[in-house]
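Below is one structure, written out as structure tokens; comments come after it.
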Amino acid sequence: MSREKMEVQRRTLISALGLGAATVATAATARIAGPRAFPALSGSLTNAKTEYKTQRVGEVDVFYRVAGPEDAPVILLLHGFPTSGHMFRDLIPALADRYRVIAPDLPGFGQTQAPRRAAFDYSFANLAKVIEGLVDAIGLTRYALYIFDYGAPTGLRLAMARPERVTAIVTQNGNAYIEGLSELWGPWQAYWRDPTPEHREATRDSLSDDAIRFQYEHGAQAGLVAPDGYTLDTFYMHRPEAQEIQLDLILSYRTNVALYPEFQAYFRKHRPPVLAVWGKNDPFFLPQGAVAYRRDNPDAEVHLLDAGHFALETHHQEIASIMRDFLGRKISS
């Protein structure tokens with residue numbers, strides 16, 4: 001994607017967000033009247049050790065990060081596109097004194113080793129199946145979910161299948177509502193409606209080095225986003241078959257949107273404690289998607305941060321503090 005095209009997208013996005021500015025402002029003042037003050041994190045939390053492990057699940061060797069006491073409440077961290085469990089590198093030590101924190105790489109991402117496209121179905125149903133297999137293999141019976149981007153439809157499939165296991169849901173720019181989708185989804189939606197080779201190629205721009213960097217930097221304060229994350233992601237995207245795998249998942253994403261009503265019915269029926277902590281400058285998942293969680297679960301707590309899509313890159317301390325307060329009130333120690 002050229003710099004000129006990215007700039008056009010930025011202007012379009014600013015205009016689109018402007019149309020919804022009243023909605024976002026109302027939401028911010030609604031929840032968000034009298035916000036709780038969250039304490040700064042202790043520097044000692046950064047001493048938590050992270051282990052790096054691999055678990056065989058069917059034909060997949062799932063790589064995952066794990067930290068924290070073995071008998072502590074579990075948080076399962078599910079990353080999004082185009083990243084890996086690496087995105088949680090700062091969050092994990094900020095939680096691991098109190099929680100058992102586990103962050104797998106999904107098939108097709110990071111260090112997880114899965115078969116080639118000809119022998120493996122790269123779909124969201126299959127991603128959820130693999131993560132469910134990991135959960136069973138390592139003996140998790142109760143856990144809170146942290147869902148981000150692609151991790152949202154993956155984790156919500158787990159939650160619907162085994163609702164008794166889920167103690168809480170933290171959604172950080174993890175969408176489950178149609179109003180959360182911005183107009184930048186246009187090329188993907190065209191591909192979903194009519195999966196021709198031409199429409200498939202039109203979505204390939206989303207996989208470019210510039211597009212990946214744009215995801216990280218748009219909406220974030222200049223100079224606060226380290227290049228490590230997007231540099232690693234672009235490296236992974238240049239591996240054999242990586243782009244074709246991602247194009248398969250782009251097409252499969254339509255199954256997630258089709259499941260939105262079922263996700264919402266799950267929220268209404270089971271009422272899991274929900275925390276939506278959202279980078280409000282996200283060009284892809286709009287703040288309206290965060291606020292919408294309260295429609296099906298009125299007790300959902302919503303925090304809109306002055307951050308972009310990858311809010312952890314600039315606001316991991318704030319997110320960790322909000323999570324610690326929320327989980328401390330909602331799940332047992």
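Labels used: A, B, ... for chains in the order of the structure tokens, numbers from 1 for residues in each chain, and numbers from 1 for ligands as shown.
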So that I can check the secondary structure, give me every residue of range 121-330 of chain A assigned strand (DSSP E) by backbone DSSP, as a PDB file with C-alpha atoms, in the first residue's frame.
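Result file follows (part.pdb):
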ATOM      1  CA  TYR A 143      -9.989 -19.189  32.668  1.00  0.00           C
ATOM      2  CA  ALA A 144     -10.604 -15.559  31.829  1.00  0.00           C
ATOM      3  CA  LEU A 145     -10.285 -14.643  28.166  1.00  0.00           C
ATOM      4  CA  TYR A 146      -8.373 -11.655  26.781  1.00  0.00           C
ATOM      5  CA  ILE A 147      -9.541 -11.285  23.184  1.00  0.00           C
ATOM      6  CA  VAL A 166     -15.078 -18.749  31.238  1.00  0.00           C
ATOM      7  CA  THR A 167     -14.693 -16.633  34.365  1.00  0.00           C
ATOM      8  CA  ALA A 168     -14.545 -13.262  32.581  1.00  0.00           C
ATOM      9  CA  ILE A 169     -13.881 -11.676  29.196  1.00  0.00           C
ATOM     10  CA  VAL A 170     -11.538  -8.769  28.563  1.00  0.00           C
ATOM     11  CA  THR A 171     -12.000  -7.482  25.025  1.00  0.00           C
ATOM     12  CA  VAL A 274     -17.076  -8.241  30.447  1.00  0.00           C
ATOM     13  CA  LEU A 275     -14.450  -5.517  30.328  1.00  0.00           C
ATOM     14  CA  ALA A 276     -14.084  -3.640  27.042  1.00  0.00           C
ATOM     15  CA  VAL A 277     -10.831  -1.677  27.122  1.00  0.00           C
ATOM     16  CA  TRP A 278     -10.449  -0.122  23.702  1.00  0.00           C
ATOM     17  CA  GLY A 279      -8.081   2.010  21.701  1.00  0.00           C
ATOM     18  CA  GLU A 301     -17.501  -2.041  31.811  1.00  0.00           C
ATOM     19  CA  VAL A 302     -16.154   0.114  28.982  1.00  0.00           C
ATOM     20  CA  HIS A 303     -12.926   2.128  28.939  1.00  0.00           C
ATOM     21  CA  LEU A 304     -11.951   4.124  25.850  1.00  0.00           C
ATOM     22  CA  LEU A 305      -8.238   4.886  25.719  1.00  0.00           C
TER      23      LEU A 305
END
**Request:** Compile the contact shell of range 237-247 of chain A as a PyMOL selection string: residues with an atom at most 8 Å away, counting only C-alpha atoms, same-chain residues fewer than 6 positions apart removed.
**Result:** chain A and resi 82+108+116-117+122+200+203-204+207
